[in-house]
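Asker: Structure supplied as my_file-v2.txt; contents: compact mmCIF, C-alpha atoms and all ligand atoms.
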# COMPACT_ATOMS: atom_id res chain seq x y z
CA MET X 1 5.51 -16.68 -22.88
CA SER X 2 2.56 -15.59 -20.77
CA TYR X 3 3.01 -12.74 -18.32
CA THR X 4 2.16 -13.06 -14.63
CA PRO X 5 1.55 -9.72 -12.91
CA LYS X 6 3.57 -9.31 -9.72
CA ILE X 7 1.78 -7.28 -7.08
CA LEU X 8 2.92 -6.12 -3.65
CA ALA X 9 0.08 -5.50 -1.18
CA PHE X 10 0.43 -3.56 2.04
CA ALA X 11 -1.37 -1.20 4.41
CA GLY X 12 -0.03 1.99 5.95
CA SER X 13 -0.68 0.66 9.43
CA THR X 14 1.29 -1.46 11.87
CA ARG X 15 -1.74 -2.13 14.11
CA LYS X 16 -2.42 -5.84 14.60
CA GLU X 17 -6.17 -5.52 14.02
CA SER X 18 -5.79 -2.86 11.34
CA PHE X 19 -8.87 -2.36 9.18
CA ASN X 20 -6.61 -1.31 6.31
CA LYS X 21 -4.69 -4.58 6.51
CA LYS X 22 -7.98 -6.49 6.35
CA LEU X 23 -9.09 -4.41 3.40
CA VAL X 24 -5.95 -4.77 1.32
CA LYS X 25 -5.92 -8.53 1.93
CA ILE X 26 -9.34 -8.79 0.24
CA ALA X 27 -8.02 -7.01 -2.85
CA ALA X 28 -4.84 -9.11 -2.73
CA GLU X 29 -6.81 -12.35 -2.67
CA ALA X 30 -8.89 -11.25 -5.66
CA ALA X 31 -5.74 -10.31 -7.60
CA ARG X 32 -4.35 -13.77 -6.80
CA ALA X 33 -7.58 -15.39 -8.00
CA ALA X 34 -7.20 -13.39 -11.22
CA GLY X 35 -3.80 -14.98 -11.83
CA ALA X 36 -1.42 -12.45 -10.29
CA GLN X 37 1.51 -13.37 -8.10
CA VAL X 38 0.82 -11.39 -4.94
CA THR X 39 3.11 -10.72 -1.99
CA TYR X 40 1.60 -9.28 1.16
CA VAL X 41 3.92 -7.36 3.45
CA ASP X 42 3.05 -6.15 6.95
CA LEU X 43 4.94 -2.96 7.76
CA ARG X 44 4.90 -4.07 11.40
CA ASP X 45 7.50 -6.65 10.34
CA LEU X 46 9.75 -3.94 8.84
CA PRO X 47 10.14 -1.30 11.56
CA MET X 48 12.18 1.67 10.33
CA PRO X 49 13.54 4.69 12.20
CA LEU X 50 12.05 8.05 11.30
CA TYR X 51 13.87 9.36 8.24
CA ASP X 52 16.88 11.39 9.35
CA GLY X 53 19.43 12.71 6.87
CA ASP X 54 22.23 12.53 9.44
CA LEU X 55 21.42 8.90 10.23
CA GLU X 56 21.43 8.11 6.50
CA ALA X 57 24.78 9.89 6.03
CA GLU X 58 26.36 8.08 8.97
CA GLN X 59 24.82 4.59 8.69
CA GLY X 60 23.27 4.37 5.22
CA ILE X 61 19.77 3.14 4.48
CA PRO X 62 18.44 0.91 7.32
CA GLU X 63 18.14 -2.83 6.58
CA ASN X 64 14.33 -2.88 6.79
CA ALA X 65 14.07 0.08 4.44
CA LYS X 66 16.31 -1.79 2.00
CA LYS X 67 14.09 -4.87 2.34
CA PHE X 68 10.95 -2.81 1.68
CA LYS X 69 12.57 -1.13 -1.30
CA SER X 70 13.67 -4.51 -2.71
CA LEU X 71 10.09 -5.73 -2.43
CA LEU X 72 8.84 -2.65 -4.29
CA ILE X 73 11.48 -3.16 -6.99
CA ALA X 74 10.54 -6.83 -7.41
CA HIS X 75 6.86 -6.08 -8.12
CA ASP X 76 5.17 -4.29 -11.06
CA GLY X 77 2.12 -3.13 -9.16
CA PHE X 78 1.06 -2.21 -5.65
CA LEU X 79 -2.17 -2.50 -3.72
CA ILE X 80 -2.07 0.04 -0.91
CA SER X 81 -4.63 0.66 1.80
CA ALA X 82 -3.92 4.00 3.43
CA PRO X 83 -5.31 4.92 6.86
CA GLU X 84 -6.31 8.55 7.38
CA TYR X 85 -4.56 10.40 10.20
CA ASN X 86 -5.61 14.00 10.74
CA SER X 87 -6.90 14.29 7.17
CA SER X 88 -3.67 12.96 5.68
CA ILE X 89 -1.72 9.71 5.47
CA SER X 90 -0.17 7.83 8.39
CA GLY X 91 3.39 8.56 9.45
CA VAL X 92 4.23 4.88 8.93
CA LEU X 93 3.24 5.00 5.27
CA LYS X 94 4.97 8.33 4.59
CA ASN X 95 8.14 7.27 6.39
CA SER X 96 8.31 3.97 4.50
CA ILE X 97 7.89 5.78 1.17
CA ASP X 98 10.49 8.39 2.16
CA TRP X 99 13.11 5.75 2.98
CA ALA X 100 12.32 3.73 -0.16
CA SER X 101 12.71 6.87 -2.29
CA ARG X 102 16.34 7.30 -1.20
CA PRO X 103 18.77 6.13 -3.90
CA ALA X 104 21.58 3.69 -3.23
CA PRO X 105 24.91 4.77 -4.78
CA ASN X 106 24.79 4.67 -8.63
CA GLU X 107 21.11 3.71 -8.61
CA PRO X 108 18.63 5.48 -10.93
CA SER X 109 16.31 7.94 -9.21
CA LEU X 110 13.13 6.50 -7.69
CA VAL X 111 13.92 3.06 -9.07
CA CYS X 112 11.28 1.34 -6.93
CA PHE X 113 8.49 3.74 -7.92
CA ALA X 114 8.99 4.96 -11.51
CA GLY X 115 6.60 3.25 -13.92
CA LYS X 116 4.91 1.13 -11.26
CA VAL X 117 1.12 0.93 -11.12
CA VAL X 118 -0.88 1.33 -7.93
CA THR X 119 -4.45 0.90 -6.81
CA LEU X 120 -5.50 2.70 -3.64
CA MET X 121 -8.09 2.03 -0.97
CA SER X 122 -8.75 3.06 2.59
CA ALA X 123 -10.82 2.13 5.63
CA SER X 124 -11.72 4.26 8.63
CA PRO X 125 -14.27 4.20 11.42
CA GLY X 126 -15.22 7.69 10.23
CA ALA X 127 -17.95 8.64 7.76
CA LEU X 128 -15.57 9.37 4.87
CA GLY X 129 -13.71 6.06 5.11
CA GLY X 130 -10.31 7.72 4.99
CA LEU X 131 -11.00 9.32 1.62
CA ARG X 132 -8.83 12.36 2.41
CA SER X 133 -5.76 10.16 2.85
CA LEU X 134 -6.28 8.93 -0.70
CA VAL X 135 -6.09 12.48 -2.06
CA THR X 136 -2.69 12.87 -0.41
CA VAL X 137 -1.25 9.47 -1.30
CA ARG X 138 -2.47 9.78 -4.91
CA SER X 139 -0.67 13.09 -5.32
CA LEU X 140 2.46 11.88 -3.52
CA LEU X 141 2.82 8.69 -5.54
CA SER X 142 2.06 10.44 -8.85
CA ASN X 143 4.84 12.91 -8.12
CA ILE X 144 7.37 10.10 -7.72
CA GLY X 145 6.45 8.43 -10.99
CA VAL X 146 3.83 5.89 -9.98
CA ILE X 147 0.83 5.43 -12.27
CA VAL X 148 -2.14 5.70 -9.91
CA LEU X 149 -5.24 4.01 -11.28
CA PRO X 150 -8.37 6.18 -11.19
CA THR X 151 -10.68 3.80 -9.35
CA GLN X 152 -10.35 3.79 -5.57
CA VAL X 153 -12.64 2.77 -2.71
CA ALA X 154 -12.95 4.19 0.81
CA VAL X 155 -14.77 2.04 3.37
CA PRO X 156 -16.51 4.08 6.12
CA LYS X 157 -17.57 2.74 9.55
CA ALA X 158 -14.77 0.21 9.28
CA HIS X 159 -15.24 -0.92 12.89
CA GLU X 160 -18.62 -2.38 11.84
CA ALA X 161 -17.76 -3.34 8.26
CA PHE X 162 -15.86 -6.67 8.57
CA ASP X 163 -17.12 -10.12 9.54
CA PRO X 164 -14.98 -12.40 11.78
CA GLU X 165 -13.36 -13.96 8.68
CA GLY X 166 -12.17 -10.55 7.49
CA LYS X 167 -14.67 -10.20 4.66
CA LEU X 168 -16.79 -7.10 4.25
CA LYS X 169 -20.33 -7.73 5.47
CA ASP X 170 -21.82 -5.72 2.60
CA PRO X 171 -21.54 -7.94 -0.50
CA LYS X 172 -21.45 -4.90 -2.83
CA GLN X 173 -18.58 -3.39 -0.86
CA GLN X 174 -16.75 -6.74 -0.82
CA ALA X 175 -17.20 -6.98 -4.61
CA SER X 176 -15.91 -3.43 -5.11
CA ILE X 177 -12.68 -4.22 -3.23
CA GLU X 178 -12.26 -7.53 -5.07
CA ALA X 179 -12.67 -5.61 -8.33
CA LEU X 180 -9.77 -3.32 -7.35
CA GLY X 181 -7.43 -6.30 -7.06
CA ARG X 182 -8.70 -7.97 -10.20
CA ASP X 183 -8.52 -4.77 -12.24
CA LEU X 184 -4.95 -4.02 -11.18
CA ALA X 185 -3.94 -7.50 -12.36
CA GLY X 186 -5.74 -6.83 -15.67
CA VAL X 187 -4.16 -3.42 -16.22
CA LEU X 188 -0.67 -4.78 -15.48
CA THR X 189 -1.20 -7.56 -18.01
CA LYS X 190 -2.24 -5.02 -20.65
CA LEU X 191 0.64 -2.66 -19.86
CA LYS X 192 3.49 -5.06 -19.26
CA GLY X 193 2.39 -8.38 -20.80
C1 LIG D 201 -3.47 10.25 15.13
C2 LIG D 201 -4.74 9.76 14.51
C3 LIG D 201 -5.43 10.60 13.68
C4 LIG D 201 -6.61 10.16 13.05
N1 LIG D 201 -7.24 11.00 12.17
C5 LIG D 201 -8.30 10.52 11.46
C6 LIG D 201 -8.88 11.32 10.43
O1 LIG D 201 -8.47 12.42 10.14
N2 LIG D 201 -9.90 10.78 9.72
C7 LIG D 201 -10.37 9.51 9.98
O2 LIG D 201 -11.30 9.08 9.29
N3 LIG D 201 -9.84 8.74 10.97
C8 LIG D 201 -8.83 9.22 11.70
N4 LIG D 201 -8.25 8.44 12.67
C9 LIG D 201 -8.84 7.13 12.98
C10 LIG D 201 -8.24 6.06 12.08
O3 LIG D 201 -8.93 6.04 10.87
C11 LIG D 201 -8.38 4.71 12.81
O4 LIG D 201 -7.54 4.70 13.96
C12 LIG D 201 -8.10 3.55 11.91
O5 LIG D 201 -8.47 2.37 12.60
C13 LIG D 201 -6.63 3.50 11.49
O6 LIG D 201 -6.43 2.51 10.52
P1 LIG D 201 -6.04 0.99 10.87
O7 LIG D 201 -7.28 0.36 11.50
O8 LIG D 201 -5.73 0.38 9.57
O9 LIG D 201 -4.89 1.00 11.84
C14 LIG D 201 -7.10 8.86 13.32
C15 LIG D 201 -6.38 8.03 14.19
C16 LIG D 201 -5.23 8.46 14.76
C17 LIG D 201 -4.45 7.52 15.68
Give the structure from the file, written as structure tokens.
Answerer:
Amino acid sequence: MSYTPKILAFAGSTRKESFNKKLVKIAAEAARAAGAQVTYVDLRDLPMPLYDGDLEAEQGIPENAKKFKSLLIAHDGFLISAPEYNSSISGVLKNSIDWASRPAPNEPSLVCFAGKVVTLMSASPGALGGLRSLVTVRSLLSNIGVIVLPTQVAVPKAHEAFDPEGKLKDPKQQASIEALGRDLAGVLTKLKG
């Protein structure tokens, strides 16, 4: 039977007009065109409290964190666009990962991350395109068992980079983001097919 890669795409931003959401949707569409089954999730739709060990002990893992974790579990690969906040990743992305990393009773450690494959990208109005966030998220995800693919793209001057349809105005840049989505689908097929 042929294998269909299952990919979850999301950005580490809740902002409605987020550049990172626009960026990851380009990669997601290309992965879909390459035959993957792609789910896009907007973290704005899954608001979670800040991780608090007391809250977890008293009330368990919040419903939206469980939903996010279930989505991660149900997919083999992730496309993540990570905004850069003060040279690191956004609190929203870190908090979502922290909650998802918490085990339910009798669950193997890091069940939603171990052995998954991720491709990273970023967009920022700044000159580096959020590149420094990718250093952090690459290290973080590697340390929790995610295979982080080597190729990544950071899109600088993001406030000028997209056309009204959400495509990148620079055809080479658009192609490089499409390649990220396509290549993740290809790697998953080789690894898991
Ligand atoms: C608290 C904060 C810190 C930021 N720090 C950086 C930074 O270190 N480097 C950078 O390139 N952009 C920085 N920015 C600008 C973000 O890249 C910009 O707000 C971007 O639009 C966020 O991504 P989004 O459009 O996907 O929401 C910062 C923004 C905020 C709110």
Asker: Do you know which residues are at most 8 Å from stretch 145-156 of chain X counting all atoms listed in the file, after dropping those on the same chain fewer than 5 positions away, and could you put them as a ChimeraX atom specification?
Answerer: /X:110,113-131,138,161,173,176-177,180
Asker: Let me see the file: selected residues, C-alpha atoms, as a PDB file, keeping the file's coordinate frame.
Answerer:
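Result file selection-v1.pdb:
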ATOM      1  CA  LEU X 110      13.130   6.500  -7.690  1.00  0.00           C
ATOM      2  CA  PHE X 113       8.490   3.740  -7.920  1.00  0.00           C
ATOM      3  CA  ALA X 114       8.990   4.960 -11.510  1.00  0.00           C
ATOM      4  CA  GLY X 115       6.600   3.250 -13.920  1.00  0.00           C
ATOM      5  CA  LYS X 116       4.910   1.130 -11.260  1.00  0.00           C
ATOM      6  CA  VAL X 117       1.120   0.930 -11.120  1.00  0.00           C
ATOM      7  CA  VAL X 118      -0.880   1.330  -7.930  1.00  0.00           C
ATOM      8  CA  THR X 119      -4.450   0.900  -6.810  1.00  0.00           C
ATOM      9  CA  LEU X 120      -5.500   2.700  -3.640  1.00  0.00           C
ATOM     10  CA  MET X 121      -8.090   2.030  -0.970  1.00  0.00           C
ATOM     11  CA  SER X 122      -8.750   3.060   2.590  1.00  0.00           C
ATOM     12  CA  ALA X 123     -10.820   2.130   5.630  1.00  0.00           C
ATOM     13  CA  SER X 124     -11.720   4.260   8.630  1.00  0.00           C
ATOM     14  CA  PRO X 125     -14.270   4.200  11.420  1.00  0.00           C
ATOM     15  CA  GLY X 126     -15.220   7.690  10.230  1.00  0.00           C
ATOM     16  CA  ALA X 127     -17.950   8.640   7.760  1.00  0.00           C
ATOM     17  CA  LEU X 128     -15.570   9.370   4.870  1.00  0.00           C
ATOM     18  CA  GLY X 129     -13.710   6.060   5.110  1.00  0.00           C
ATOM     19  CA  GLY X 130     -10.310   7.720   4.990  1.00  0.00           C
ATOM     20  CA  LEU X 131     -11.000   9.320   1.620  1.00  0.00           C
ATOM     21  CA  ARG X 138      -2.470   9.780  -4.910  1.00  0.00           C
ATOM     22  CA  ALA X 161     -17.760  -3.340   8.260  1.00  0.00           C
ATOM     23  CA  GLN X 173     -18.580  -3.390  -0.860  1.00  0.00           C
ATOM     24  CA  SER X 176     -15.910  -3.430  -5.110  1.00  0.00           C
ATOM     25  CA  ILE X 177     -12.680  -4.220  -3.230  1.00  0.00           C
ATOM     26  CA  LEU X 180      -9.770  -3.320  -7.350  1.00  0.00           C
TER      27      LEU X 180
END
Asker: When the cut-off is 8 Å and you count all atoms listed in the file, which residues lie near ligand LIG 201 (chain D), shown as a CSV table (one decimal) with C-alpha atoms, in the coordinates of the input?
Answerer:
chain,number,residue,atom,x,y,z
X,11,ALA,CA,-1.4,-1.2,4.4
X,12,GLY,CA,0.0,2.0,6.0
X,13,SER,CA,-0.7,0.7,9.4
X,14,THR,CA,1.3,-1.5,11.9
X,15,ARG,CA,-1.7,-2.1,14.1
X,16,LYS,CA,-2.4,-5.8,14.6
X,17,GLU,CA,-6.2,-5.5,14.0
X,18,SER,CA,-5.8,-2.9,11.3
X,19,PHE,CA,-8.9,-2.4,9.2
X,20,ASN,CA,-6.6,-1.3,6.3
X,21,LYS,CA,-4.7,-4.6,6.5
X,22,LYS,CA,-8.0,-6.5,6.4
X,81,SER,CA,-4.6,0.7,1.8
X,82,ALA,CA,-3.9,4.0,3.4
X,83,PRO,CA,-5.3,4.9,6.9
X,84,GLU,CA,-6.3,8.6,7.4
X,85,TYR,CA,-4.6,10.4,10.2
X,86,ASN,CA,-5.6,14.0,10.7
X,87,SER,CA,-6.9,14.3,7.2
X,88,SER,CA,-3.7,13.0,5.7
X,90,SER,CA,-0.2,7.8,8.4
X,123,ALA,CA,-10.8,2.1,5.6
X,124,SER,CA,-11.7,4.3,8.6
X,125,PRO,CA,-14.3,4.2,11.4
X,126,GLY,CA,-15.2,7.7,10.2
X,127,ALA,CA,-18.0,8.6,7.8
X,128,LEU,CA,-15.6,9.4,4.9
X,129,GLY,CA,-13.7,6.1,5.1
X,130,GLY,CA,-10.3,7.7,5.0
X,131,LEU,CA,-11.0,9.3,1.6
X,132,ARG,CA,-8.8,12.4,2.4
X,156,PRO,CA,-16.5,4.1,6.1
X,158,ALA,CA,-14.8,0.2,9.3
X,159,HIS,CA,-15.2,-0.9,12.9
Asker: Could you jot down the atom CA of X:Glu63 to atom CA of X:Pro5 separation for me, Å, one decimal place?
Answerer: 26.5 Å
Asker: Which residue gives the smallest distance to X:Asp183 among X:Ala31, X:Ser96, X:Ile7, X:Gly53, with all atoms listed in the file counted?
Answerer: X:Ala31
Asker: Rounded to one decimal, what separation in Å do you get between atom CA of X:Leu43 and atom CA of X:Lys192?
Answerer: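 It comes out at 27.1 Å.
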Asker: Compare X:Ala33, X:Ala104, X:Val38, X:Leu79 by their minimum atom-to-atom distance to X:Ala65, counting all atoms listed in the file, and give me the closest one.
Answerer: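 Closest candidate: X:Ala104.
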Asker: Report, in Å to a single decimal, how far apart atom CA of X:Arg44 and atom CA of X:Glu56 are.
Answerer: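 Taking atom CA of X:Glu56 and atom CA of X:Arg44, their separation equals 21.1 Å.
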Asker: Just checking: using only C-alpha atoms, which residue out of X:Ser101, X:Ala185, X:Glu58, X:Thr4 ends up closest to X:Asn143?
Answerer: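 Checking each of X:Ser101, X:Ala185, X:Glu58, X:Thr4 against X:Asn143, counting only C-alpha atoms, the winner is X:Ser101.
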Asker: Neighbours of X:Ala100 within 9 Å (only C-alpha atoms; same-chain residues fewer than 5 positions away dropped), as an MDAnalysis selection string?
Answerer: chainID X and resid 61 65:66 68:70 72 95 110 112:113
Asker: Residues at most 12 Å from X:Gly193, counting only C-alpha atoms, excluding those fewer than 4 positions away in the same chain, as an NGL selection string?
Answerer: :X and (1-6 or 36 or 76 or 185-189)
Asker: Would you put the residues from that selection into a file with C-alpha atoms, as a compact mmCIF listing (two decimals), keeping the file's coordinate frame?
Answerer:
# COMPACT_ATOMS: atom_id res chain seq x y z
CA MET X 1 5.51 -16.68 -22.88
CA SER X 2 2.56 -15.59 -20.77
CA TYR X 3 3.01 -12.74 -18.32
CA THR X 4 2.16 -13.06 -14.63
CA PRO X 5 1.55 -9.72 -12.91
CA LYS X 6 3.57 -9.31 -9.72
CA ALA X 36 -1.42 -12.45 -10.29
CA ASP X 76 5.17 -4.29 -11.06
CA ALA X 185 -3.94 -7.50 -12.36
CA GLY X 186 -5.74 -6.83 -15.67
CA VAL X 187 -4.16 -3.42 -16.22
CA LEU X 188 -0.67 -4.78 -15.48
CA THR X 189 -1.20 -7.56 -18.01
Asker: Could you check which of X:Val111, X:Leu50, X:Ile89, X:Ala34 is closest to X:Glu178, using only C-alpha atoms?
Answerer: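 Among the listed residues, the smallest separation from X:Glu178 belongs to X:Ala34.
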Asker: Could you check which of X:Ile97, X:Ala74, X:Ala9, X:Ala57 is closest to X:Ala27, using all atoms listed in the file?
Answerer: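 Comparing X:Ile97, X:Ala74, X:Ala9, X:Ala57 against X:Ala27, the winner is X:Ala9.
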Asker: Kindly indicate which residue among X:Tyr40, X:Gly91, X:Gly77, X:Tyr51 lies nearest to X:Leu191, using all atoms listed in the file for the distances.
Answerer: X:Gly77
